[in-house]
$ cat model-v5.pdb   # PDB, N, CA and C atoms
ATOM      1  N   MET A   8      63.196 103.622 125.609
ATOM      2  CA  MET A   8      63.752 102.753 124.589
ATOM      3  C   MET A   8      63.327 103.291 123.226
ATOM      4  N   LEU A   9      64.306 103.583 122.409
ATOM      5  CA  LEU A   9      64.051 104.049 121.048
ATOM      6  C   LEU A   9      63.799 102.829 120.164
ATOM      7  N   ILE A  10      62.711 102.842 119.418
ATOM      8  CA  ILE A  10      62.354 101.733 118.530
ATOM      9  C   ILE A  10      62.106 102.305 117.141
ATOM     10  N   VAL A  11      62.883 101.812 116.154
ATOM     11  CA  VAL A  11      62.764 102.315 114.785
ATOM     12  C   VAL A  11      62.747 101.152 113.799
ATOM     13  N   ASN A  12      62.212 101.414 112.611
ATOM     14  CA  ASN A  12      62.208 100.365 111.589
ATOM     15  C   ASN A  12      63.308 100.574 110.549
ATOM     16  N   THR A  13      64.262 101.442 110.837
ATOM     17  CA  THR A  13      65.424 101.628 109.983
ATOM     18  C   THR A  13      66.581 100.821 110.560
ATOM     19  N   ASN A  14      67.632 100.605 109.763
ATOM     20  CA  ASN A  14      68.764  99.838 110.270
ATOM     21  C   ASN A  14      69.886 100.747 110.785
ATOM     22  N   PHE A  15      69.548 101.988 111.085
ATOM     23  CA  PHE A  15      70.500 102.950 111.634
ATOM     24  C   PHE A  15      69.731 103.986 112.448
ATOM     25  N   ILE A  16      70.475 104.748 113.231
ATOM     26  CA  ILE A  16      69.919 105.899 113.951
ATOM     27  C   ILE A  16      70.864 107.056 113.665
ATOM     28  N   ASP A  17      70.315 108.128 113.127
ATOM     29  CA  ASP A  17      71.142 109.282 112.766
ATOM     30  C   ASP A  17      72.051 109.707 113.913
ATOM     31  N   ASN A  18      73.300 109.982 113.561
ATOM     32  CA  ASN A  18      74.299 110.518 114.490
ATOM     33  C   ASN A  18      74.620 109.595 115.662
ATOM     34  N   LYS A  19      74.360 108.299 115.516
ATOM     35  CA  LYS A  19      74.662 107.338 116.577
ATOM     36  C   LYS A  19      75.510 106.206 116.005
ATOM     37  N   GLU A  20      76.561 105.875 116.726
ATOM     38  CA  GLU A  20      77.338 104.681 116.399
ATOM     39  C   GLU A  20      76.762 103.566 117.257
ATOM     40  N   LEU A  21      76.498 102.423 116.639
ATOM     41  CA  LEU A  21      75.767 101.360 117.312
ATOM     42  C   LEU A  21      76.608 100.108 117.516
ATOM     43  N   GLU A  22      76.412  99.487 118.658
ATOM     44  CA  GLU A  22      76.975  98.168 118.939
ATOM     45  C   GLU A  22      75.804  97.186 118.933
ATOM     46  N   THR A  23      75.874  96.171 118.103
ATOM     47  CA  THR A  23      74.795  95.187 117.999
ATOM     48  C   THR A  23      74.841  94.230 119.176
ATOM     49  N   LEU A  24      73.702  94.066 119.833
ATOM     50  CA  LEU A  24      73.593  93.141 120.956
ATOM     51  C   LEU A  24      72.930  91.827 120.544
ATOM     52  N   GLY A  25      72.046  91.868 119.565
ATOM     53  CA  GLY A  25      71.406  90.646 119.098
ATOM     54  C   GLY A  25      69.937  90.824 118.790
ATOM     55  N   LEU A  26      69.379  89.755 118.294
ATOM     56  CA  LEU A  26      67.965  89.715 117.923
ATOM     57  C   LEU A  26      67.095  89.659 119.171
ATOM     58  N   VAL A  27      66.032  90.455 119.170
ATOM     59  CA  VAL A  27      65.036  90.402 120.238
ATOM     60  C   VAL A  27      63.667  90.283 119.595
ATOM     61  N   ASN A  28      62.733  89.695 120.325
ATOM     62  CA  ASN A  28      61.376  89.554 119.787
ATOM     63  C   ASN A  28      60.370  89.541 120.915
ATOM     64  N   GLY A  29      59.139  89.683 120.527
ATOM     65  CA  GLY A  29      58.006  89.579 121.438
ATOM     66  C   GLY A  29      56.821  89.084 120.656
ATOM     67  N   SER A  30      55.986  88.273 121.292
ATOM     68  CA  SER A  30      54.821  87.762 120.578
ATOM     69  C   SER A  30      53.673  87.529 121.541
ATOM     70  N   THR A  31      52.515  87.381 120.968
ATOM     71  CA  THR A  31      51.322  87.014 121.721
ATOM     72  C   THR A  31      50.371  86.309 120.769
ATOM     73  N   VAL A  32      49.589  85.410 121.316
ATOM     74  CA  VAL A  32      48.548  84.736 120.549
ATOM     75  C   VAL A  32      47.218  85.150 121.162
ATOM     76  N   GLN A  33      46.340  85.665 120.333
ATOM     77  CA  GLN A  33      45.042  86.128 120.791
ATOM     78  C   GLN A  33      43.941  85.348 120.078
ATOM     79  N   THR A  34      42.830  85.161 120.757
ATOM     80  CA  THR A  34      41.691  84.479 120.155
ATOM     81  C   THR A  34      40.496  85.418 120.098
ATOM     82  N   LYS A  35      39.593  85.077 119.223
ATOM     83  CA  LYS A  35      38.340  85.825 119.111
ATOM     84  C   LYS A  35      37.382  85.295 120.168
ATOM     85  N   ASN A  36      36.555  86.179 120.708
ATOM     86  CA  ASN A  36      35.515  85.667 121.583
ATOM     87  C   ASN A  36      34.241  85.466 120.769
ATOM     88  N   VAL A  37      33.333  84.700 121.296
ATOM     89  CA  VAL A  37      32.127  84.330 120.557
ATOM     90  C   VAL A  37      31.322  85.559 120.140
ATOM     91  N   GLY A  38      31.168  86.521 121.044
ATOM     92  CA  GLY A  38      30.406  87.729 120.720
ATOM     93  C   GLY A  38      31.032  88.505 119.582
ATOM     94  N   ARG A  39      32.336  88.640 119.616
ATOM     95  CA  ARG A  39      33.063  89.352 118.574
ATOM     96  C   ARG A  39      32.936  88.609 117.237
ATOM     97  N   ASP A  40      32.989  87.284 117.301
ATOM     98  CA  ASP A  40      32.911  86.467 116.099
ATOM     99  C   ASP A  40      31.525  86.565 115.455
ATOM    100  N   ILE A  41      30.491  86.531 116.256
ATOM    101  CA  ILE A  41      29.115  86.633 115.734
ATOM    102  C   ILE A  41      28.902  88.011 115.114
ATOM    103  N   ALA A  42      29.337  89.055 115.819
ATOM    104  CA  ALA A  42      29.190  90.417 115.293
ATOM    105  C   ALA A  42      29.942  90.569 113.980
ATOM    106  N   ALA A  43      31.126  89.982 113.886
ATOM    107  CA  ALA A  43      31.913  90.061 112.651
ATOM    108  C   ALA A  43      31.203  89.343 111.519
ATOM    109  N   GLY A  44      30.549  88.224 111.829
ATOM    110  CA  GLY A  44      29.795  87.492 110.812
ATOM    111  C   GLY A  44      28.692  88.343 110.225
ATOM    112  N   PHE A  45      27.963  89.082 111.055
ATOM    113  CA  PHE A  45      26.920  89.975 110.556
ATOM    114  C   PHE A  45      27.512  91.128 109.756
ATOM    115  N   LYS A  46      28.653  91.623 110.199
ATOM    116  CA  LYS A  46      29.286  92.762 109.532
ATOM    117  C   LYS A  46      29.722  92.393 108.113
ATOM    118  N   THR A  47      30.091  91.148 107.898
ATOM    119  CA  THR A  47      30.521  90.747 106.553
ATOM    120  C   THR A  47      29.383  90.853 105.548
ATOM    121  N   LEU A  48      28.152  90.817 106.020
ATOM    122  CA  LEU A  48      26.998  90.964 105.115
ATOM    123  C   LEU A  48      26.883  92.388 104.595
ATOM    124  N   ALA A  49      27.177  93.360 105.459
ATOM    125  CA  ALA A  49      27.023  94.763 105.087
ATOM    126  C   ALA A  49      28.333  95.405 104.645
ATOM    127  N   GLY A  50      29.453  94.834 105.063
ATOM    128  CA  GLY A  50      30.758  95.412 104.741
ATOM    129  C   GLY A  50      31.176  96.427 105.783
ATOM    130  N   GLY A  51      32.438  96.787 105.760
ATOM    131  CA  GLY A  51      32.967  97.787 106.684
ATOM    132  C   GLY A  51      34.000  97.202 107.617
ATOM    133  N   GLU A  52      34.534  98.066 108.458
ATOM    134  CA  GLU A  52      35.589  97.671 109.385
ATOM    135  C   GLU A  52      35.055  96.760 110.479
ATOM    136  N   LEU A  53      35.834  95.757 110.828
ATOM    137  CA  LEU A  53      35.513  94.882 111.949
ATOM    138  C   LEU A  53      36.246  95.436 113.164
ATOM    139  N   LYS A  54      35.606  96.395 113.837
ATOM    140  CA  LYS A  54      36.271  97.151 114.900
ATOM    141  C   LYS A  54      36.746  96.272 116.053
ATOM    142  N   GLY A  55      36.001  95.234 116.378
ATOM    143  CA  GLY A  55      36.421  94.329 117.451
ATOM    144  C   GLY A  55      37.739  93.662 117.128
ATOM    145  N   TYR A  56      37.900  93.259 115.885
ATOM    146  CA  TYR A  56      39.149  92.628 115.469
ATOM    147  C   TYR A  56      40.287  93.652 115.392
ATOM    148  N   THR A  57      39.971  94.838 114.933
ATOM    149  CA  THR A  57      40.981  95.899 114.880
ATOM    150  C   THR A  57      41.517  96.175 116.275
ATOM    151  N   GLU A  58      40.629  96.304 117.245
ATOM    152  CA  GLU A  58      41.046  96.545 118.631
ATOM    153  C   GLU A  58      41.876  95.384 119.170
ATOM    154  N   MET A  59      41.453  94.152 118.853
ATOM    155  CA  MET A  59      42.190  92.988 119.321
ATOM    156  C   MET A  59      43.616  92.994 118.764
ATOM    157  N   LEU A  60      43.768  93.317 117.491
ATOM    158  CA  LEU A  60      45.100  93.329 116.888
ATOM    159  C   LEU A  60      45.947  94.491 117.396
ATOM    160  N   GLU A  61      45.333  95.653 117.642
ATOM    161  CA  GLU A  61      46.074  96.774 118.225
ATOM    162  C   GLU A  61      46.599  96.410 119.611
ATOM    163  N   ASP A  62      45.759  95.789 120.417
ATOM    164  CA  ASP A  62      46.177  95.350 121.750
ATOM    165  C   ASP A  62      47.301  94.319 121.648
ATOM    166  N   SER A  63      47.176  93.411 120.697
ATOM    167  CA  SER A  63      48.197  92.373 120.506
ATOM    168  C   SER A  63      49.536  92.982 120.132
ATOM    169  N   ARG A  64      49.527  93.987 119.254
ATOM    170  CA  ARG A  64      50.782  94.644 118.869
ATOM    171  C   ARG A  64      51.431  95.320 120.070
ATOM    172  N   LYS A  65      50.621  95.956 120.913
ATOM    173  CA  LYS A  65      51.162  96.615 122.112
ATOM    174  C   LYS A  65      51.813  95.599 123.047
ATOM    175  N   ILE A  66      51.155  94.467 123.253
ATOM    176  CA  ILE A  66      51.696  93.419 124.123
ATOM    177  C   ILE A  66      53.013  92.892 123.551
ATOM    178  N   ALA A  67      53.031  92.604 122.256
ATOM    179  CA  ALA A  67      54.235  92.075 121.615
ATOM    180  C   ALA A  67      55.383  93.087 121.699
ATOM    181  N   LEU A  68      55.097  94.367 121.453
ATOM    182  CA  LEU A  68      56.122  95.410 121.561
ATOM    183  C   LEU A  68      56.683  95.499 122.977
ATOM    184  N   GLU A  69      55.815  95.422 123.958
ATOM    185  CA  GLU A  69      56.253  95.490 125.357
ATOM    186  C   GLU A  69      57.167  94.308 125.679
ATOM    187  N   ARG A  70      56.817  93.131 125.219
ATOM    188  CA  ARG A  70      57.647  91.947 125.475
ATOM    189  C   ARG A  70      59.006  92.062 124.781
ATOM    190  N   MET A  71      59.019  92.559 123.548
ATOM    191  CA  MET A  71      60.279  92.747 122.837
ATOM    192  C   MET A  71      61.147  93.778 123.565
ATOM    193  N   THR A  72      60.542  94.873 123.981
ATOM    194  CA  THR A  72      61.264  95.924 124.697
ATOM    195  C   THR A  72      61.868  95.378 125.991
ATOM    196  N   ASN A  73      61.121  94.572 126.721
ATOM    197  CA  ASN A  73      61.640  93.974 127.952
ATOM    198  C   ASN A  73      62.839  93.080 127.664
ATOM    199  N   ASN A  74      62.785  92.325 126.571
ATOM    200  CA  ASN A  74      63.918  91.475 126.190
ATOM    201  C   ASN A  74      65.142  92.320 125.876
ATOM    202  N   ALA A  75      64.941  93.430 125.173
ATOM    203  CA  ALA A  75      66.055  94.323 124.832
ATOM    204  C   ALA A  75      66.634  94.972 126.081
ATOM    205  N   MET A  76      65.786  95.383 126.993
ATOM    206  CA  MET A  76      66.260  95.997 128.234
ATOM    207  C   MET A  76      67.090  95.008 129.039
ATOM    208  N   ALA A  77      66.720  93.745 129.029
ATOM    209  CA  ALA A  77      67.474  92.721 129.742
ATOM    210  C   ALA A  77      68.885  92.567 129.179
ATOM    211  N   LEU A  78      69.066  92.908 127.904
ATOM    212  CA  LEU A  78      70.390  92.867 127.275
ATOM    213  C   LEU A  78      71.176  94.157 127.493
ATOM    214  N   GLY A  79      70.527  95.163 128.075
ATOM    215  CA  GLY A  79      71.171  96.459 128.283
ATOM    216  C   GLY A  79      71.103  97.361 127.064
ATOM    217  N   ALA A  80      70.127  97.143 126.197
ATOM    218  CA  ALA A  80      70.002  97.907 124.952
ATOM    219  C   ALA A  80      69.511  99.329 125.202
ATOM    220  N   ASP A  81      69.945 100.222 124.318
ATOM    221  CA  ASP A  81      69.449 101.593 124.303
ATOM    222  C   ASP A  81      68.349 101.778 123.270
ATOM    223  N   ALA A  82      68.334 100.883 122.273
ATOM    224  CA  ALA A  82      67.370 101.011 121.177
ATOM    225  C   ALA A  82      67.173  99.658 120.507
ATOM    226  N   ILE A  83      66.118  99.602 119.697
ATOM    227  CA  ILE A  83      65.869  98.435 118.848
ATOM    228  C   ILE A  83      65.699  98.970 117.436
ATOM    229  N   ILE A  84      66.503  98.457 116.531
ATOM    230  CA  ILE A  84      66.447  98.926 115.147
ATOM    231  C   ILE A  84      65.875  97.842 114.244
ATOM    232  N   ASN A  85      65.465  98.271 113.054
ATOM    233  CA  ASN A  85      65.012  97.365 112.000
ATOM    234  C   ASN A  85      63.871  96.456 112.449
ATOM    235  N   ILE A  86      62.901  97.024 113.173
ATOM    236  CA  ILE A  86      61.817  96.181 113.674
ATOM    237  C   ILE A  86      60.848  95.829 112.556
ATOM    238  N   ARG A  87      60.243  94.671 112.706
ATOM    239  CA  ARG A  87      59.249  94.172 111.755
ATOM    240  C   ARG A  87      58.140  93.478 112.534
ATOM    241  N   PHE A  88      56.941  93.559 112.001
ATOM    242  CA  PHE A  88      55.799  92.840 112.557
ATOM    243  C   PHE A  88      55.430  91.705 111.618
ATOM    244  N   SER A  89      54.945  90.647 112.198
ATOM    245  CA  SER A  89      54.471  89.505 111.429
ATOM    246  C   SER A  89      53.227  88.971 112.120
ATOM    247  N   SER A  90      52.323  88.420 111.353
ATOM    248  CA  SER A  90      51.148  87.781 111.951
ATOM    249  C   SER A  90      50.876  86.474 111.230
ATOM    250  N   SER A  91      50.291  85.554 111.962
ATOM    251  CA  SER A  91      49.947  84.272 111.357
ATOM    252  C   SER A  91      48.769  83.658 112.094
ATOM    253  N   ALA A  92      48.029  82.856 111.388
ATOM    254  CA  ALA A  92      46.924  82.118 111.994
ATOM    255  C   ALA A  92      47.509  80.872 112.645
ATOM    256  N   ILE A  93      47.238  80.692 113.917
ATOM    257  CA  ILE A  93      47.748  79.542 114.652
ATOM    258  C   ILE A  93      46.772  78.379 114.538
ATOM    259  N   MET A  94      45.511  78.687 114.655
ATOM    260  CA  MET A  94      44.427  77.707 114.538
ATOM    261  C   MET A  94      43.160  78.492 114.230
ATOM    262  N   GLN A  95      42.073  77.816 113.992
ATOM    263  CA  GLN A  95      40.800  78.490 113.723
ATOM    264  C   GLN A  95      40.486  79.453 114.862
ATOM    265  N   GLY A  96      40.416  80.730 114.549
ATOM    266  CA  GLY A  96      40.026  81.726 115.541
ATOM    267  C   GLY A  96      41.147  82.263 116.408
ATOM    268  N   ALA A  97      42.413  81.906 116.121
ATOM    269  CA  ALA A  97      43.525  82.411 116.919
ATOM    270  C   ALA A  97      44.623  82.929 115.996
ATOM    271  N   ALA A  98      45.206  84.067 116.362
ATOM    272  CA  ALA A  98      46.267  84.669 115.554
ATOM    273  C   ALA A  98      47.446  85.035 116.441
ATOM    274  N   GLU A  99      48.643  84.873 115.881
ATOM    275  CA  GLU A  99      49.859  85.288 116.572
ATOM    276  C   GLU A  99      50.342  86.595 115.966
ATOM    277  N   ILE A 100      50.745  87.507 116.822
ATOM    278  CA  ILE A 100      51.427  88.728 116.404
ATOM    279  C   ILE A 100      52.852  88.612 116.922
ATOM    280  N   LEU A 101      53.812  88.768 116.027
ATOM    281  CA  LEU A 101      55.227  88.697 116.368
ATOM    282  C   LEU A 101      55.888  90.001 115.945
ATOM    283  N   VAL A 102      56.715  90.551 116.800
ATOM    284  CA  VAL A 102      57.534  91.709 116.450
ATOM    285  C   VAL A 102      58.970  91.342 116.782
ATOM    286  N   TYR A 103      59.886  91.734 115.896
ATOM    287  CA  TYR A 103      61.286  91.417 116.127
ATOM    288  C   TYR A 103      62.165  92.533 115.580
ATOM    289  N   GLY A 104      63.362  92.599 116.110
ATOM    290  CA  GLY A 104      64.310  93.606 115.678
ATOM    291  C   GLY A 104      65.676  93.326 116.282
ATOM    292  N   THR A 105      66.587  94.248 116.068
ATOM    293  CA  THR A 105      67.955  94.110 116.565
ATOM    294  C   THR A 105      68.182  95.074 117.720
ATOM    295  N   ALA A 106      68.547  94.510 118.863
ATOM    296  CA  ALA A 106      68.860  95.321 120.041
ATOM    297  C   ALA A 106      70.251  95.910 119.854
ATOM    298  N   VAL A 107      70.382  97.209 120.143
ATOM    299  CA  VAL A 107      71.675  97.886 119.995
ATOM    300  C   VAL A 107      71.950  98.757 121.212
ATOM    301  N   LYS A 108      73.234  99.018 121.401
ATOM    302  CA  LYS A 108      73.679  99.923 122.464
ATOM    303  C   LYS A 108      74.413 101.067 121.774
ATOM    304  N   PHE A 109      74.253 102.284 122.282
ATOM    305  CA  PHE A 109      74.949 103.444 121.733
ATOM    306  C   PHE A 109      76.398 103.415 122.205
ATOM    307  N   LYS A 110      77.330 103.664 121.272
ATOM    308  CA  LYS A 110      78.750 103.725 121.639
ATOM    309  C   LYS A 110      79.107 105.125 122.098
TER     310      LYS A 110
END

$ encode --input "model-v5.pdb" --output "structure tokens"
Amino acid sequence: MLIVNTNFIDNKELETLGLVNGSTVQTKNVGRDIAAGFKTLAGGELKGYTEMLEDSRKIALERMTNNAMALGADAIINIRFSSSAIMQGAAEILVYGTAVKFK
């Protein structure tokens, strides 16, 4: 499955199938939260959170791709990521785009 953040694919005529998305909500664990609290004193990257968000993006992308495949798509164009806080200590990662078929 070809996934791009442009609204076209060079040398391809596209048939629009519709909007597809994937999301996941992830929470912090207590150990990660405590370590992050100490890290804020010294500064620097919060690697536990970075890993959590990278994993979340992969899960969301996989779910979006599965939705596109169910529509018979060859590609997903114009993808975008979004994140939001759902509650204290939980974040949603959403990815969405347009499923297309090559003509």

$ closest_residue --input "model-v5.pdb" --among "A:Ile86, A:Ile66, A:Ala106, A:Leu9" --to "Thr31 in chain A" --atoms "only C-alpha atoms"
A:Ile66

$ resolve_selection --input "model-v5.pdb" --expression "the PyMOL selection byres ((chain A and resi 8) around 7)" --output "list in words"
Leu9, Ile10, Ala80, Asp81, Ala82 and Ile83 of chain A

$ write_last_selection --input "model-v5.pdb" --atoms "N, CA and C atoms" --output "PDB file, in the coordinates of the input"
ATOM      1  N   LEU A   9      64.306 103.583 122.409  1.00  0.00           N
ATOM      2  CA  LEU A   9      64.051 104.049 121.048  1.00  0.00           C
ATOM      3  C   LEU A   9      63.799 102.829 120.164  1.00  0.00           C
ATOM      4  N   ILE A  10      62.711 102.842 119.418  1.00  0.00           N
ATOM      5  CA  ILE A  10      62.354 101.733 118.530  1.00  0.00           C
ATOM      6  C   ILE A  10      62.106 102.305 117.141  1.00  0.00           C
ATOM      7  N   ALA A  80      70.127  97.143 126.197  1.00  0.00           N
ATOM      8  CA  ALA A  80      70.002  97.907 124.952  1.00  0.00           C
ATOM      9  C   ALA A  80      69.511  99.329 125.202  1.00  0.00           C
ATOM     10  N   ASP A  81      69.945 100.222 124.318  1.00  0.00           N
ATOM     11  CA  ASP A  81      69.449 101.593 124.303  1.00  0.00           C
ATOM     12  C   ASP A  81      68.349 101.778 123.270  1.00  0.00           C
ATOM     13  N   ALA A  82      68.334 100.883 122.273  1.00  0.00           N
ATOM     14  CA  ALA A  82      67.370 101.011 121.177  1.00  0.00           C
ATOM     15  C   ALA A  82      67.173  99.658 120.507  1.00  0.00           C
ATOM     16  N   ILE A  83      66.118  99.602 119.697  1.00  0.00           N
ATOM     17  CA  ILE A  83      65.869  98.435 118.848  1.00  0.00           C
ATOM     18  C   ILE A  83      65.699  98.970 117.436  1.00  0.00           C
TER      19      ILE A  83
END

$ residues_around --input "model-v5.pdb" --residues "Leu26 in chain A" --least-positions-apart "2" --cutoff "12 Å" --atoms "only C-alpha atoms" --output "JSON, numbers by chain"
{"A": [23, 24, 28, 29, 71, 72, 74, 75, 78, 80, 82, 83, 84, 85, 86, 87, 102, 103, 104, 105, 106, 107]}

$ select_by_dssp --input "model-v5.pdb" --residues "range 8-80 of chain A" --states "strand (DSSP E)" --output "PyMOL selection string"
chain A and resi 9-10+21-34

$ atom_distance --input "model-v5.pdb" --atom1 "atom N of Glu99 in chain A" --atom2 "atom N of Ser30 in chain A"
9.7 Å

$ atom_distance --input "model-v5.pdb" --atom1 "atom N of Leu21 in chain A" --atom2 "CA of Ser90 in chain A"
29.6 Å

$ atom_distance --input "model-v5.pdb" --atom1 "atom N of Ile16 in chain A" --atom2 "atom C of Ser63 in chain A"
25.0 Å

$ select_by_dssp --input "model-v5.pdb" --residues "chain A" --states "helix (DSSP H, G or I)" --output "VMD selection string"
chain A and resid 37 to 49 54 to 77

$ residues_around --input "model-v5.pdb" --residues "Met94 in chain A" --least-positions-apart "2" --cutoff "12 Å" --atoms "only C-alpha atoms" --output "PDB file with N, CA and C atoms, in the coordinates of the input"
ATOM      1  N   VAL A  32      49.589  85.410 121.316  1.00  0.00           N
ATOM      2  CA  VAL A  32      48.548  84.736 120.549  1.00  0.00           C
ATOM      3  C   VAL A  32      47.218  85.150 121.162  1.00  0.00           C
ATOM      4  N   GLN A  33      46.340  85.665 120.333  1.00  0.00           N
ATOM      5  CA  GLN A  33      45.042  86.128 120.791  1.00  0.00           C
ATOM      6  C   GLN A  33      43.941  85.348 120.078  1.00  0.00           C
ATOM      7  N   THR A  34      42.830  85.161 120.757  1.00  0.00           N
ATOM      8  CA  THR A  34      41.691  84.479 120.155  1.00  0.00           C
ATOM      9  C   THR A  34      40.496  85.418 120.098  1.00  0.00           C
ATOM     10  N   LYS A  35      39.593  85.077 119.223  1.00  0.00           N
ATOM     11  CA  LYS A  35      38.340  85.825 119.111  1.00  0.00           C
ATOM     12  C   LYS A  35      37.382  85.295 120.168  1.00  0.00           C
ATOM     13  N   SER A  91      50.291  85.554 111.962  1.00  0.00           N
ATOM     14  CA  SER A  91      49.947  84.272 111.357  1.00  0.00           C
ATOM     15  C   SER A  91      48.769  83.658 112.094  1.00  0.00           C
ATOM     16  N   ALA A  92      48.029  82.856 111.388  1.00  0.00           N
ATOM     17  CA  ALA A  92      46.924  82.118 111.994  1.00  0.00           C
ATOM     18  C   ALA A  92      47.509  80.872 112.645  1.00  0.00           C
ATOM     19  N   GLY A  96      40.416  80.730 114.549  1.00  0.00           N
ATOM     20  CA  GLY A  96      40.026  81.726 115.541  1.00  0.00           C
ATOM     21  C   GLY A  96      41.147  82.263 116.408  1.00  0.00           C
ATOM     22  N   ALA A  97      42.413  81.906 116.121  1.00  0.00           N
ATOM     23  CA  ALA A  97      43.525  82.411 116.919  1.00  0.00           C
ATOM     24  C   ALA A  97      44.623  82.929 115.996  1.00  0.00           C
ATOM     25  N   ALA A  98      45.206  84.067 116.362  1.00  0.00           N
ATOM     26  CA  ALA A  98      46.267  84.669 115.554  1.00  0.00           C
ATOM     27  C   ALA A  98      47.446  85.035 116.441  1.00  0.00           C
ATOM     28  N   GLU A  99      48.643  84.873 115.881  1.00  0.00           N
ATOM     29  CA  GLU A  99      49.859  85.288 116.572  1.00  0.00           C
ATOM     30  C   GLU A  99      50.342  86.595 115.966  1.00  0.00           C
TER      31      GLU A  99
END

$ closest_residue --input "model-v5.pdb" --among "A:Asp17, A:Val11, A:Asp62, A:Glu22" --to "Lys110 in chain A" --atoms "all atoms listed in the file"
A:Glu22

$ axis_aligned_box --input "model-v5.pdb" --around "range 72-84 of chain A" --padding-each-side "8 Å" --output "AutoDock Vina command-line options"
--center_x 65.9 --center_y 96.6 --center_z 122.0 --size_x 26.6 --size_y 26.3 --size_z 31.5

$ closest_residue --input "model-v5.pdb" --among "A:Gly25, A:Gln95, A:Met76, A:Leu101" --to "Arg64 in chain A" --atoms "only N, CA and C atoms"
A:Leu101

$ build_atoms --input "model-v5.pdb" --residues "range 89-94 of chain A" --atoms "all heavy atoms" --output "short mmCIF file (atom, residue, chain, number, x, y, z; two decimals), in the frame of the given file"
data_model
loop_
_atom_site.label_atom_id
_atom_site.label_comp_id
_atom_site.auth_asym_id
_atom_site.auth_seq_id
_atom_site.Cartn_x
_atom_site.Cartn_y
_atom_site.Cartn_z
N SER A 89 54.94 90.65 112.20
CA SER A 89 54.47 89.50 111.43
C SER A 89 53.23 88.97 112.12
O SER A 89 53.10 89.06 113.34
CB SER A 89 55.56 88.43 111.39
OG SER A 89 55.09 87.26 110.77
N SER A 90 52.32 88.42 111.35
CA SER A 90 51.15 87.78 111.95
C SER A 90 50.88 86.47 111.23
O SER A 90 51.23 86.30 110.07
CB SER A 90 49.92 88.69 111.88
OG SER A 90 49.56 88.92 110.54
N SER A 91 50.29 85.55 111.96
CA SER A 91 49.95 84.27 111.36
C SER A 91 48.77 83.66 112.09
O SER A 91 48.55 83.93 113.28
CB SER A 91 51.15 83.32 111.40
OG SER A 91 51.54 83.09 112.73
N ALA A 92 48.03 82.86 111.39
CA ALA A 92 46.92 82.12 111.99
C ALA A 92 47.51 80.87 112.64
O ALA A 92 48.21 80.10 111.99
CB ALA A 92 45.89 81.74 110.95
N ILE A 93 47.24 80.69 113.92
CA ILE A 93 47.75 79.54 114.65
C ILE A 93 46.77 78.38 114.54
O ILE A 93 47.15 77.25 114.36
CB ILE A 93 47.96 79.90 116.14
CG1 ILE A 93 48.97 81.04 116.27
CG2 ILE A 93 48.38 78.70 116.95
CD1 ILE A 93 50.34 80.73 115.71
N MET A 94 45.51 78.69 114.66
CA MET A 94 44.43 77.71 114.54
C MET A 94 43.16 78.49 114.23
O MET A 94 43.19 79.72 114.19
CB MET A 94 44.27 76.90 115.83
CG MET A 94 44.04 77.75 117.07
SD MET A 94 43.90 76.85 118.59
CE MET A 94 42.15 76.58 118.66
#
